[in-house]
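File shown: work19.cif (mmCIF, C-alpha atoms).
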```cif
data_structure
loop_
_atom_site.label_atom_id
_atom_site.label_comp_id
_atom_site.auth_asym_id
_atom_site.auth_seq_id
_atom_site.Cartn_x
_atom_site.Cartn_y
_atom_site.Cartn_z
CA MET A 1 63.45 -25.30 -69.42
CA LEU A 2 65.93 -26.04 -72.17
CA ARG A 3 68.24 -27.65 -69.64
CA LEU A 4 65.55 -30.26 -69.12
CA ARG A 5 66.33 -31.39 -72.66
CA ASP A 6 70.10 -31.44 -72.12
CA ARG A 7 71.62 -34.33 -74.05
CA GLN A 8 74.67 -34.65 -71.83
CA MET A 9 72.52 -35.01 -68.75
CA ALA A 10 70.28 -37.52 -70.53
CA ASP A 11 73.34 -39.60 -71.42
CA MET A 12 74.54 -39.40 -67.83
CA ILE A 13 71.23 -40.66 -66.44
CA LEU A 14 71.12 -43.54 -68.94
CA GLN A 15 74.70 -44.45 -68.08
CA ARG A 16 73.86 -44.58 -64.36
CA ILE A 17 70.85 -46.83 -65.05
CA SER A 18 73.04 -49.05 -67.22
CA LEU A 19 75.50 -49.48 -64.33
CA MET A 20 72.65 -50.76 -62.12
CA ASN A 21 72.41 -53.77 -64.45
CA VAL A 22 68.64 -54.22 -64.11
CA GLN A 23 65.77 -55.67 -66.12
CA LEU A 24 62.67 -53.80 -65.04
CA THR A 25 59.20 -52.99 -66.34
CA PHE A 26 57.60 -49.64 -65.56
CA MET A 27 54.21 -48.22 -66.50
CA HIS A 28 53.12 -44.64 -66.96
CA VAL A 29 49.56 -43.44 -67.46
CA CYS A 30 49.87 -40.26 -69.47
CA GLY A 31 49.73 -39.48 -73.19
CA THR A 32 52.23 -36.68 -72.75
CA HIS A 33 54.73 -39.02 -71.10
CA GLN A 34 54.29 -41.37 -74.05
CA ASP A 35 54.79 -38.48 -76.45
CA THR A 36 58.07 -37.50 -74.76
CA LEU A 37 59.24 -41.13 -74.62
CA VAL A 38 58.60 -41.72 -78.33
CA ARG A 39 59.40 -38.28 -79.75
CA PHE A 40 62.84 -38.14 -78.15
CA GLY A 41 63.62 -41.81 -78.75
CA LEU A 42 63.72 -42.51 -75.01
CA LEU A 43 61.70 -45.75 -75.16
CA ASP A 44 64.46 -47.35 -77.20
CA ARG A 45 67.29 -45.86 -75.18
CA LEU A 46 65.71 -47.00 -71.90
CA SER A 47 65.18 -50.43 -73.38
CA GLU A 48 68.93 -50.62 -74.14
CA VAL A 49 69.68 -50.17 -70.42
CA GLY A 50 67.13 -52.76 -69.27
CA ILE A 51 64.05 -50.59 -68.73
CA ASP A 52 60.81 -51.50 -70.49
CA VAL A 53 58.25 -48.68 -70.23
CA ARG A 54 54.59 -49.19 -71.14
CA GLN A 55 51.61 -46.87 -71.34
CA GLY A 56 48.67 -47.98 -69.24
CA PRO A 57 45.16 -46.52 -69.15
CA GLY A 58 46.46 -42.95 -69.41
CA CYS A 59 44.46 -41.59 -72.32
CA PRO A 60 41.02 -40.24 -71.40
CA VAL A 61 39.58 -40.56 -74.90
CA CYS A 62 40.89 -44.14 -75.16
CA VAL A 63 39.39 -45.40 -71.90
CA THR A 64 35.97 -43.83 -72.54
CA LEU A 65 33.38 -46.50 -73.31
CA PRO A 66 31.76 -46.72 -76.75
CA GLN A 67 28.44 -46.38 -74.90
CA GLU A 68 29.49 -43.03 -73.50
CA ILE A 69 30.22 -41.96 -77.08
CA ASP A 70 26.79 -43.37 -77.99
CA GLU A 71 25.25 -41.07 -75.37
CA VAL A 72 26.73 -37.98 -76.96
CA LEU A 73 25.79 -39.28 -80.43
CA ALA A 74 22.18 -39.70 -79.26
CA LEU A 75 22.15 -36.07 -78.11
CA ALA A 76 23.63 -34.93 -81.43
CA ARG A 77 21.00 -36.94 -83.29
CA ALA A 78 18.29 -35.27 -81.20
CA GLY A 79 19.45 -31.87 -82.48
CA LYS A 80 21.53 -30.69 -79.52
CA THR A 81 24.64 -28.62 -80.17
CA ILE A 82 27.59 -30.73 -79.06
CA THR A 83 30.73 -28.98 -77.85
CA VAL A 84 33.75 -31.22 -77.54
CA PHE A 85 37.55 -31.36 -77.43
CA GLY A 86 39.05 -32.09 -80.84
CA ASP A 87 40.45 -35.41 -79.68
CA ALA A 88 37.02 -36.94 -79.11
CA VAL A 89 35.25 -36.20 -82.39
CA ARG A 90 36.67 -39.14 -84.34
CA VAL A 91 36.27 -41.73 -81.60
CA PRO A 92 33.86 -44.39 -82.76
CA GLY A 93 30.86 -45.30 -80.63
CA THR A 94 29.17 -48.60 -81.36
CA LYS A 95 27.84 -47.36 -84.73
CA SER A 96 29.09 -43.87 -85.60
CA SER A 97 31.28 -40.99 -84.42
CA LEU A 98 30.73 -37.27 -83.85
CA MET A 99 32.83 -36.59 -86.93
CA ARG A 100 30.64 -38.75 -89.11
CA MET A 101 27.47 -37.24 -87.65
CA LYS A 102 28.84 -33.74 -88.25
CA GLY A 103 29.25 -34.73 -91.89
CA GLU A 104 25.61 -35.80 -91.84
CA GLY A 105 24.51 -32.41 -90.56
CA ALA A 106 24.72 -32.66 -86.76
CA ASP A 107 25.81 -29.51 -84.91
CA VAL A 108 29.22 -30.46 -83.49
CA ARG A 109 31.66 -27.73 -82.42
CA ILE A 110 35.25 -28.26 -81.36
CA VAL A 111 36.27 -26.17 -78.36
CA TYR A 112 39.56 -25.53 -76.62
CA GLY A 113 38.03 -25.57 -73.13
CA ILE A 114 34.67 -25.59 -71.35
CA ASP A 115 34.57 -21.79 -71.14
CA ASP A 116 34.27 -21.68 -74.94
CA ALA A 117 31.27 -24.03 -74.72
CA VAL A 118 29.55 -21.74 -72.18
CA GLU A 119 30.17 -18.77 -74.48
CA ILE A 120 28.48 -20.60 -77.37
CA ALA A 121 25.45 -21.26 -75.14
CA LYS A 122 25.32 -17.61 -74.08
CA HIS A 123 25.47 -16.32 -77.63
CA GLU A 124 23.10 -18.85 -79.18
CA GLU A 125 20.19 -18.90 -76.76
CA GLN A 126 17.96 -20.81 -79.15
CA LYS A 127 20.35 -23.82 -79.12
CA GLU A 128 20.53 -26.52 -76.48
CA VAL A 129 24.29 -26.78 -75.91
CA VAL A 130 25.89 -29.86 -74.37
CA PHE A 131 29.55 -30.02 -73.36
CA PHE A 132 31.04 -33.52 -73.65
CA ALA A 133 33.28 -33.46 -70.57
CA ILE A 134 36.17 -35.86 -70.92
CA GLY A 135 39.44 -36.08 -69.02
CA PHE A 136 41.06 -36.97 -65.72
CA GLU A 137 41.66 -34.86 -62.62
CA THR A 138 43.48 -32.25 -64.74
CA THR A 139 40.35 -31.36 -66.72
CA ALA A 140 37.59 -32.15 -64.20
CA PRO A 141 38.29 -29.01 -62.07
CA THR A 142 37.62 -26.82 -65.12
CA THR A 143 34.18 -28.46 -65.42
CA ALA A 144 33.63 -28.00 -61.68
CA ALA A 145 34.62 -24.32 -61.91
CA VAL A 146 31.90 -23.78 -64.52
CA ALA A 147 29.37 -25.85 -62.55
CA ILE A 148 29.55 -23.50 -59.56
CA SER A 149 29.26 -20.42 -61.78
CA ASP A 150 26.13 -18.87 -63.23
CA THR A 151 25.53 -20.91 -66.38
CA PRO A 152 22.84 -20.29 -69.00
CA GLU A 153 19.73 -22.50 -68.92
CA ASN A 154 20.42 -23.89 -72.38
CA PHE A 155 23.76 -25.36 -71.24
CA SER A 156 24.41 -28.80 -69.80
CA ILE A 157 27.29 -31.23 -69.37
CA LEU A 158 27.69 -34.93 -70.15
CA SER A 159 30.42 -36.05 -67.76
CA THR A 160 32.74 -38.93 -68.53
CA HIS A 161 35.44 -37.52 -66.22
CA ARG A 162 37.43 -40.23 -64.55
CA VAL A 163 39.88 -40.41 -61.66
CA LEU A 164 43.14 -42.29 -62.03
CA PRO A 165 44.05 -43.90 -58.68
CA PRO A 166 41.25 -46.54 -58.88
CA ALA A 167 42.53 -47.51 -62.36
CA LEU A 168 46.09 -47.86 -61.05
CA ASP A 169 44.70 -50.08 -58.33
CA ALA A 170 42.89 -52.15 -60.99
CA ILE A 171 46.08 -52.55 -63.06
CA VAL A 172 48.09 -53.69 -60.06
CA GLU A 173 45.35 -56.01 -58.78
CA LEU A 174 44.94 -57.61 -62.22
CA GLY A 175 48.61 -58.54 -62.08
CA GLU A 176 48.84 -59.28 -65.81
CA VAL A 177 52.13 -57.40 -66.10
CA LYS A 178 54.81 -57.68 -63.43
CA LEU A 179 55.38 -54.00 -62.71
CA HIS A 180 58.50 -52.75 -60.95
CA GLY A 181 57.37 -49.17 -60.82
CA LEU A 182 54.81 -46.56 -61.82
CA ILE A 183 55.64 -43.18 -63.37
CA GLU A 184 52.79 -41.03 -62.12
CA PRO A 185 51.34 -38.26 -64.30
CA GLY A 186 52.65 -34.77 -63.56
CA HIS A 187 49.56 -32.72 -64.10
CA VAL A 188 47.02 -35.07 -62.55
CA SER A 189 49.37 -34.97 -59.57
CA ALA A 190 49.50 -31.15 -59.71
CA ILE A 191 45.81 -31.37 -58.78
CA ILE A 192 45.62 -34.44 -56.50
CA GLY A 193 49.07 -34.24 -54.87
CA VAL A 194 51.14 -37.21 -53.82
CA SER A 195 49.19 -39.01 -51.08
CA PRO A 196 46.49 -40.65 -53.30
CA TYR A 197 49.21 -42.95 -54.70
CA GLU A 198 50.67 -44.03 -51.37
CA PHE A 199 48.44 -47.10 -50.90
CA LEU A 200 50.06 -48.72 -53.94
CA SER A 201 53.52 -48.53 -52.39
CA LYS A 202 52.29 -49.56 -48.94
CA ASP A 203 49.93 -52.37 -49.93
CA PHE A 204 51.63 -53.69 -53.09
CA ARG A 205 55.28 -52.61 -52.63
CA ILE A 206 55.24 -50.69 -55.93
CA PRO A 207 57.87 -47.94 -56.28
CA GLN A 208 56.38 -44.72 -57.70
CA VAL A 209 57.72 -41.44 -59.00
CA VAL A 210 55.63 -38.42 -59.98
CA ALA A 211 57.37 -37.03 -63.07
CA GLY A 212 57.20 -34.01 -65.36
CA PHE A 213 57.12 -34.12 -69.15
CA GLU A 214 60.52 -32.97 -70.38
CA PRO A 215 63.02 -35.67 -71.42
CA ILE A 216 65.14 -35.21 -68.29
CA ASP A 217 62.01 -35.45 -66.12
CA VAL A 218 61.00 -38.79 -67.62
CA LEU A 219 64.55 -40.19 -67.55
CA MET A 220 64.99 -39.12 -63.93
CA GLY A 221 61.66 -40.75 -63.15
CA ALA A 222 62.96 -44.03 -64.60
CA TYR A 223 66.29 -43.63 -62.79
CA MET A 224 64.60 -42.95 -59.43
CA LEU A 225 62.36 -46.00 -59.89
CA ALA A 226 65.34 -48.20 -60.77
CA LYS A 227 67.16 -46.92 -57.70
CA GLN A 228 64.18 -47.72 -55.45
CA ASN A 229 64.23 -51.23 -56.90
CA ILE A 230 67.90 -51.92 -56.25
CA GLU A 231 67.68 -50.40 -52.77
CA GLY A 232 64.55 -52.42 -51.94
CA ARG A 233 62.42 -49.33 -51.32
CA ALA A 234 58.79 -48.80 -52.36
CA GLU A 235 57.62 -45.25 -51.87
CA VAL A 236 56.17 -42.27 -53.75
CA GLU A 237 58.89 -39.84 -54.79
CA ASN A 238 58.28 -36.51 -56.50
CA GLU A 239 60.56 -35.62 -59.40
CA TYR A 240 58.28 -32.75 -60.54
CA ARG A 241 58.52 -30.58 -57.45
CA ARG A 242 58.51 -27.37 -59.47
CA VAL A 243 54.82 -28.01 -60.19
CA VAL A 244 53.55 -30.77 -57.88
CA ARG A 245 53.05 -29.83 -54.23
CA PRO A 246 52.49 -32.69 -51.75
CA GLU A 247 48.95 -31.45 -51.09
CA GLY A 248 48.15 -30.86 -54.80
CA ASN A 249 45.90 -27.91 -55.64
CA PRO A 250 43.51 -27.50 -52.66
CA LYS A 251 41.30 -25.02 -54.50
CA ALA A 252 40.73 -27.44 -57.40
CA LEU A 253 40.28 -30.40 -55.05
CA GLY A 254 37.70 -28.44 -53.05
CA LEU A 255 35.72 -27.82 -56.24
CA LEU A 256 35.84 -31.48 -57.27
CA GLU A 257 34.56 -32.45 -53.83
CA LYS A 258 31.77 -29.88 -53.99
CA VAL A 259 30.48 -30.72 -57.47
CA PHE A 260 31.09 -34.43 -58.09
CA LYS A 261 30.46 -37.81 -56.54
CA THR A 262 32.26 -40.93 -57.74
CA THR A 263 30.38 -43.78 -59.39
CA ASP A 264 31.38 -47.22 -60.68
CA VAL A 265 32.02 -47.46 -64.40
CA ALA A 266 33.80 -49.76 -66.85
CA TRP A 267 36.87 -48.48 -68.71
CA ARG A 268 37.77 -49.66 -72.19
CA GLY A 269 39.93 -52.73 -71.76
CA PHE A 270 38.82 -53.15 -68.15
CA SER A 271 35.70 -54.30 -66.38
CA VAL A 272 33.94 -52.01 -63.90
CA ILE A 273 36.35 -49.94 -61.81
CA LYS A 274 34.79 -48.87 -58.54
CA ALA A 275 34.37 -45.16 -57.76
CA SER A 276 36.21 -44.09 -60.92
CA ARG A 277 33.80 -41.75 -62.75
CA LEU A 278 32.94 -38.24 -61.62
CA ASP A 279 29.20 -37.67 -61.88
CA PHE A 280 27.31 -34.58 -60.72
CA LYS A 281 25.98 -34.39 -57.20
CA LYS A 282 22.23 -33.77 -56.85
CA GLU A 283 22.66 -30.02 -56.35
CA PHE A 284 23.99 -29.81 -59.93
CA SER A 285 21.21 -31.85 -61.58
CA HIS A 286 20.24 -28.83 -63.71
CA LEU A 287 23.62 -29.14 -65.48
CA ASN A 288 23.63 -32.91 -65.73
CA ALA A 289 22.80 -33.90 -69.34
CA ARG A 290 22.01 -37.45 -68.18
CA GLU A 291 19.15 -36.06 -66.07
CA LYS A 292 18.09 -33.24 -68.35
CA TYR A 293 17.85 -35.54 -71.39
CA HIS A 294 16.91 -38.73 -69.61
CA SER A 295 14.27 -39.55 -72.22
CA ILE A 296 16.88 -39.44 -75.01
CA LEU A 297 19.69 -41.19 -73.17
CA GLY A 298 17.49 -43.89 -71.69
CA ASP A 299 17.76 -45.80 -74.99
CA VAL A 300 21.57 -46.15 -74.94
CA ASP A 301 22.37 -49.79 -74.43
CA TYR A 302 25.10 -50.22 -71.83
CA SER A 303 24.88 -54.00 -71.80
CA LYS A 304 26.98 -54.87 -74.83
CA TYR A 305 29.96 -53.64 -76.70
CA HIS A 306 32.55 -55.43 -78.75
CA GLU A 307 35.96 -54.23 -79.76
CA VAL A 308 36.50 -54.23 -83.50
CA ALA A 309 38.07 -57.58 -84.42
CA GLY A 310 41.85 -57.35 -84.25
CA CYS A 311 41.98 -53.95 -82.46
CA LYS A 312 44.34 -54.25 -79.52
CA CYS A 313 43.41 -50.99 -77.80
CA GLY A 314 42.09 -52.80 -74.73
CA GLU A 315 45.31 -54.82 -74.29
CA LEU A 316 47.38 -51.69 -74.89
CA LEU A 317 45.56 -49.85 -72.12
CA ARG A 318 46.45 -52.68 -69.73
CA GLY A 319 50.11 -52.56 -70.78
CA LEU A 320 49.98 -56.00 -72.45
CA SER A 321 50.76 -54.99 -76.00
CA THR A 322 52.54 -52.38 -78.11
CA PRO A 323 51.08 -50.57 -81.12
CA GLU A 324 53.51 -52.35 -83.45
CA GLU A 325 52.20 -55.72 -82.27
CA CYS A 326 48.71 -54.91 -83.55
CA PRO A 327 48.07 -56.32 -87.04
CA LEU A 328 45.92 -53.28 -87.92
CA PHE A 329 48.59 -50.71 -86.92
CA GLY A 330 49.66 -48.55 -89.85
CA THR A 331 47.78 -50.68 -92.36
CA LYS A 332 44.02 -50.73 -91.81
CA CYS A 333 44.29 -48.39 -88.83
CA ILE A 334 45.84 -44.96 -89.38
CA PRO A 335 45.11 -41.54 -87.85
CA ASP A 336 42.99 -40.49 -90.86
CA ASN A 337 40.96 -43.67 -90.64
CA PRO A 338 41.26 -44.92 -87.06
CA ILE A 339 39.77 -48.26 -86.07
CA GLY A 340 40.20 -47.84 -82.32
CA PRO A 341 40.57 -44.84 -80.00
CA CYS A 342 44.29 -45.48 -79.34
CA MET A 343 44.87 -44.35 -82.96
CA VAL A 344 42.41 -41.44 -82.67
CA SER A 345 43.66 -39.53 -79.68
CA ARG A 346 46.88 -37.54 -79.62
CA GLU A 347 47.34 -39.18 -76.22
CA GLY A 348 46.85 -42.68 -77.59
CA SER A 349 49.97 -44.79 -77.97
CA CYS A 350 49.09 -45.93 -81.53
CA ASN A 351 48.64 -42.34 -82.70
CA ILE A 352 51.92 -41.31 -81.05
CA SER A 353 53.82 -44.29 -82.46
CA PHE A 354 52.42 -43.69 -85.93
CA LYS A 355 53.34 -40.01 -85.80
CA TYR A 356 56.95 -40.46 -84.75
CA ARG A 357 58.02 -44.00 -85.57
CA LYS A 358 56.16 -45.35 -88.54
CA LEU A 359 58.45 -43.86 -91.13
CA THR A 360 61.64 -45.07 -89.50
CA SER A 361 60.53 -48.52 -88.35
CA LYS A 362 59.92 -50.12 -91.72
CA MET B 1 47.07 -33.61 -73.76
CA CYS B 2 49.19 -31.97 -71.06
CA LEU B 3 51.31 -29.04 -72.16
CA ALA B 4 54.78 -29.41 -70.74
CA ILE B 5 55.65 -25.78 -71.38
CA PRO B 6 54.77 -23.32 -68.63
CA ALA B 7 53.11 -20.01 -69.59
CA LYS B 8 54.18 -16.59 -68.31
CA ILE B 9 51.46 -14.29 -66.98
CA LEU B 10 51.49 -10.94 -68.83
CA GLU B 11 48.26 -9.29 -67.67
CA ILE B 12 45.53 -10.12 -65.16
CA ASN B 13 41.90 -9.10 -65.54
CA GLY B 14 39.77 -10.61 -62.77
CA ASP B 15 39.56 -14.39 -63.31
CA HIS B 16 41.40 -14.18 -66.63
CA ALA B 17 44.98 -13.59 -67.65
CA LYS B 18 46.87 -13.06 -70.85
CA VAL B 19 49.76 -15.51 -70.97
CA ASP B 20 52.79 -16.11 -73.16
CA TYR B 21 53.94 -19.59 -74.19
CA GLY B 22 57.29 -18.70 -75.65
CA GLY B 23 55.78 -16.24 -78.14
CA ASN B 24 52.23 -17.61 -78.40
CA PHE B 25 49.70 -15.45 -76.57
CA ARG B 26 46.50 -16.75 -75.10
CA GLU B 27 43.75 -15.83 -72.67
CA VAL B 28 43.40 -18.32 -69.80
CA ASN B 29 41.15 -18.68 -66.77
CA ILE B 30 43.12 -18.32 -63.52
CA SER B 31 40.33 -19.00 -61.01
CA LEU B 32 41.79 -22.40 -60.02
CA VAL B 33 45.13 -21.06 -58.72
CA GLU B 34 45.83 -19.06 -55.57
CA ASP B 35 47.10 -15.54 -55.95
CA PRO B 36 48.82 -15.57 -59.35
CA LYS B 37 50.91 -12.50 -60.19
CA VAL B 38 52.15 -10.89 -63.40
CA GLY B 39 55.57 -12.29 -64.30
CA GLU B 40 54.95 -15.68 -62.65
CA TYR B 41 54.62 -18.93 -64.60
CA VAL B 42 51.57 -21.20 -64.66
CA ILE B 43 50.79 -24.66 -66.02
CA VAL B 44 47.78 -24.44 -68.34
CA HIS B 45 45.31 -27.22 -69.14
CA ALA B 46 42.14 -26.88 -71.28
CA GLY B 47 42.13 -23.10 -70.98
CA TYR B 48 42.70 -22.99 -67.22
CA ALA B 49 45.84 -22.38 -65.18
CA ILE B 50 45.91 -25.46 -62.94
CA GLN B 51 49.07 -24.84 -60.93
CA MET B 52 51.85 -22.32 -60.40
CA LEU B 53 55.41 -23.15 -61.43
CA ASP B 54 57.98 -22.67 -58.70
CA ALA B 55 61.06 -21.34 -60.52
CA GLU B 56 63.34 -21.69 -57.48
CA GLU B 57 62.28 -25.29 -57.06
CA ALA B 58 63.11 -25.90 -60.72
CA GLU B 59 66.70 -24.77 -60.11
CA GLU B 60 66.98 -26.80 -56.91
CA THR B 61 65.66 -29.91 -58.64
CA LEU B 62 68.35 -29.73 -61.31
CA GLU B 63 71.02 -29.30 -58.66
CA LEU B 64 69.56 -32.23 -56.72
CA PHE B 65 69.66 -34.41 -59.86
CA ARG B 66 73.35 -33.60 -60.32
CA GLN B 67 74.10 -34.53 -56.72
CA LEU B 68 72.03 -37.72 -56.90
CA LEU B 69 73.76 -38.82 -60.09
CA SER B 70 77.20 -37.98 -58.71
CA GLN B 71 76.65 -40.25 -55.70
CA ASP B 72 76.36 -43.23 -58.03
CA LEU B 73 79.89 -43.01 -59.34
CA SER B 74 82.36 -42.34 -56.56
CA GLY B 75 85.59 -40.63 -57.56
CA GLU B 76 84.38 -39.50 -60.95
CA ASP B 77 83.69 -35.89 -61.77
CA VAL B 78 80.11 -36.20 -62.90
CA LEU B 79 79.88 -32.94 -64.76
CA ASP B 80 82.71 -34.05 -67.03
CA ALA B 81 81.40 -37.59 -67.41
#
```

Write the structure described by the file as structure tokens, please.
Amino acid sequence: MLRLRDRQMADMILQRISLMNVQLTFMHVCGTHQDTLVRFGLLDRLSEVGIDVRQGPGCPVCVTLPQEIDEVLALARAGKTITVFGDAVRVPGTKSSLMRMKGEGADVRIVYGIDDAVEIAKHEEQKEVVFFAIGFETTAPTTAAVAISDTPENFSILSTHRVLPPALDAIVELGEVKLHGLIEPGHVSAIIGVSPYEFLSKDFRIPQVVAGFEPIDVLMGAYMLAKQNIEGRAEVENEYRRVVRPEGNPKALGLLEKVFKTTDVAWRGFSVIKASRLDFKKEFSHLNAREKYHSILGDVDYSKYHEVAGCKCGELLRGLSTPEECPLFGTKCIPDNPIGPCMVSREGSCNISFKYRKLTSK
Amino acid sequence: MCLAIPAKILEINGDHAKVDYGGNFREVNISLVEDPKVGEYVIVHAGYAIQMLDAEEAEETLELFRQLLSQDLSGEDVLDA
């Protein structure tokens, strides 16, 4: 894999893009793409050859609604044991966060994957264990795999899983940024394959490339998109063929189909996006925390939420702003004291920019 | 966060496998992938192998990139560029 970080090849790709003499704007929707772009200085180098790359709604923790955080906070307050990925504990709901509630005595456990959460439930039968399921099509199959298995009665799941293609549709339909191409996420695509993106190229003439996460992958993704632009093509190409098969992962897709139905939900920064959340089908009601704890969750108010004044997370998720353009970035809002989720999550562009760029940009 | 680095399968025990990420060992669930074998590489996400890595395809992709890039500059030896 080291050759996918080869500097000579990176220079060659950038030189070829430079010779195309273009001014283009691309969007990707993946925290790991953003990490590669910033960590290896590729955002700046692409900018020098006329390519502006922005991160869209590609950070699960960032796009989760404060009300969904409020749901899990309500369960924590009611004495349930909350199991959660580390990225989500600091994310503020409308009034608190899991981290703060843990400090106040709530039982909040960070897990590496859902299997760890099931183990906790098995070993601590007296606890009511809830897994806060967050993530796109990469993570949702792991939840589905557990749902079809024999789970303990004291275990349930609060699903905020979302699917990406409807959000890409929303971004393109909004038309706030003139996009000349989409870099599609490698591991979401490892699950869903290539065809779910095709409507964007057919209906909106958007060039797309599914790309991996090494520097050469991302640069080739940009190069292939630029080439589609100058050749007047709009199609879905696959740069990450070593992992992404055209049909995706049929076993994982079969599980998603079996366990989940899609429902309409708002995303942070967006209004309601149709058929974009994965909620449990009726057969899995016993695992659905929203049904099991209806009396507790019924009080969560979905009608109102306001971004903290000045926080540009919503604009960032629509590709309208950069972290450095936010007045709170690096001053009032830092990873140890995040104001918005884009600074909390390791997949959020503010967190990534702070980690790699803050020290050199001032 | 997606891990870009593939993991090598060292041992398989039913739905679980011991894998190696360049020196870091971990137990992962392999029930989401078809027919994984010891010695093959998998992409891991949240404790599950979500797809197999095709090592031959990785080689072919690099070769394809070289060819694609070489077409853009006629008459120039790309590998020396």

ask   = Applied to this file, what does the PyMOL selection byres ((chain B) within 6 of (chain A)) return in terms of residues, put as a PyMOL selection string?
value = chain B and resi 2+4+32+46-47+53-54+57-58

request  = Quote the spacing between atom CA of Leu64 of chain B and atom CA of Ser189 of chain A in Å to one decimal place.
outcome  =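 Calculated distance between atom CA of Leu64 of chain B and atom CA of Ser189 of chain A is 20.6 Å.
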
Surrounding residues of Glu11 of chain B excluding itself and chain neighbours under 2 positions, 12 Å, only C-alpha atoms, as a PyMOL selection string = chain B and resi 7-9+13-20+25-30+36-41

message = Just want the 9 Å neighbourhood of Asn229 of chain A, counted on only C-alpha atoms, with same-chain residues fewer than 2 positions away dropped. Output as an NGL selection string.
response = :A and (22 or 24 or 180-181 or 207 or 224-227 or 231-234)

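Nearest to Gly58 of chain A of all the residues A:Val118, A:Ala266, A:Leu320, A:Met27 is A:Met27, counting only C-alpha atoms.
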
task = Report the residues retrieved by the PyMOL selection byres ((chain A and resi 303) around 12) from the displayed file, expressed as a list in words.
result =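 Selected by the PyMOL selection byres ((chain A and resi 303) around 12) here: Leu65, Pro66, Gln67, Thr94, Ala266, Asp299, Val300, Asp301, Tyr302, Lys304, Tyr305 and His306 of chain A.
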
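Ranking A:Met99, A:Leu174, A:Ser18, A:Val61 by their shortest atom-to-atom distance to Asp336 of chain A, with only C-alpha atoms included, puts A:Met99 first.
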
message = Considering all atoms listed in the file, can you say which of B:Ile50, B:Leu68, B:Val42, B:Ile12 comes closest to Ile192 of chain A?
response = B:Ile50

remark   = Pairwise distance, atom CA of Cys350 of chain A with atom CA of Leu278 of chain A, equals 26.8 Å

request  = Report as a list in words the residues that result from applying the PyMOL selection byres ((chain A and resi 157-169) around 7) to the structure here.
outcome  = Val130, Phe131, Phe132, Ala133, Ile134, Gly135, Phe136, Glu137, Ala140, Ser156, Ala170, Ile171, Val172, Glu173, Pro196, Tyr197, Ile273, Lys274, Ser276, Arg277, Leu278, Asp279, Leu287, Asn288, Ala289 and Arg290 of chain A

ask   = So what do you get for atom CA of Gly298 of chain A versus atom CA of Ala76 of chain A, distance-wise?
value = 14.6 Å

query = At a cut-off of 9 Å from (46.1, -45.3, -82.2) in the coordinates of the file, what residues are picked up using only C-alpha atoms, written as an NGL selection string?
reply = :A and (62 or 313 or 323 or 329 or 333-335 or 338-354)

For those residues, write C-alpha atoms to a file as a compact mmCIF listing (two decimals), keeping the file's coordinate frame.
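Result file follows (again-v7.txt):
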```txt
# COMPACT_ATOMS: atom_id res chain seq x y z
CA CYS A 62 40.89 -44.14 -75.16
CA CYS A 313 43.41 -50.99 -77.80
CA PRO A 323 51.08 -50.57 -81.12
CA PHE A 329 48.59 -50.71 -86.92
CA CYS A 333 44.29 -48.39 -88.83
CA ILE A 334 45.84 -44.96 -89.38
CA PRO A 335 45.11 -41.54 -87.85
CA PRO A 338 41.26 -44.92 -87.06
CA ILE A 339 39.77 -48.26 -86.07
CA GLY A 340 40.20 -47.84 -82.32
CA PRO A 341 40.57 -44.84 -80.00
CA CYS A 342 44.29 -45.48 -79.34
CA MET A 343 44.87 -44.35 -82.96
CA VAL A 344 42.41 -41.44 -82.67
CA SER A 345 43.66 -39.53 -79.68
CA ARG A 346 46.88 -37.54 -79.62
CA GLU A 347 47.34 -39.18 -76.22
CA GLY A 348 46.85 -42.68 -77.59
CA SER A 349 49.97 -44.79 -77.97
CA CYS A 350 49.09 -45.93 -81.53
CA ASN A 351 48.64 -42.34 -82.70
CA ILE A 352 51.92 -41.31 -81.05
CA SER A 353 53.82 -44.29 -82.46
CA PHE A 354 52.42 -43.69 -85.93
```

Coordinates of box centre and edge lengths for segment 6-18 of chain A, 4 Å on every side, axis-aligned, as lines of an AutoDock Vina configuration file:
```
center_x = 72.4
center_y = -40.2
center_z = -69.2
size_x = 12.6
size_y = 25.6
size_z = 17.7
```

inquiry  = Counting all atoms listed in the file, find residues at most 12 Å from (32.3, -35.6, -84.8) (file frame) and give them as a ChimeraX atom specification.
reply    = /A:69-70,72-73,76-77,81-93,96-110,132,344
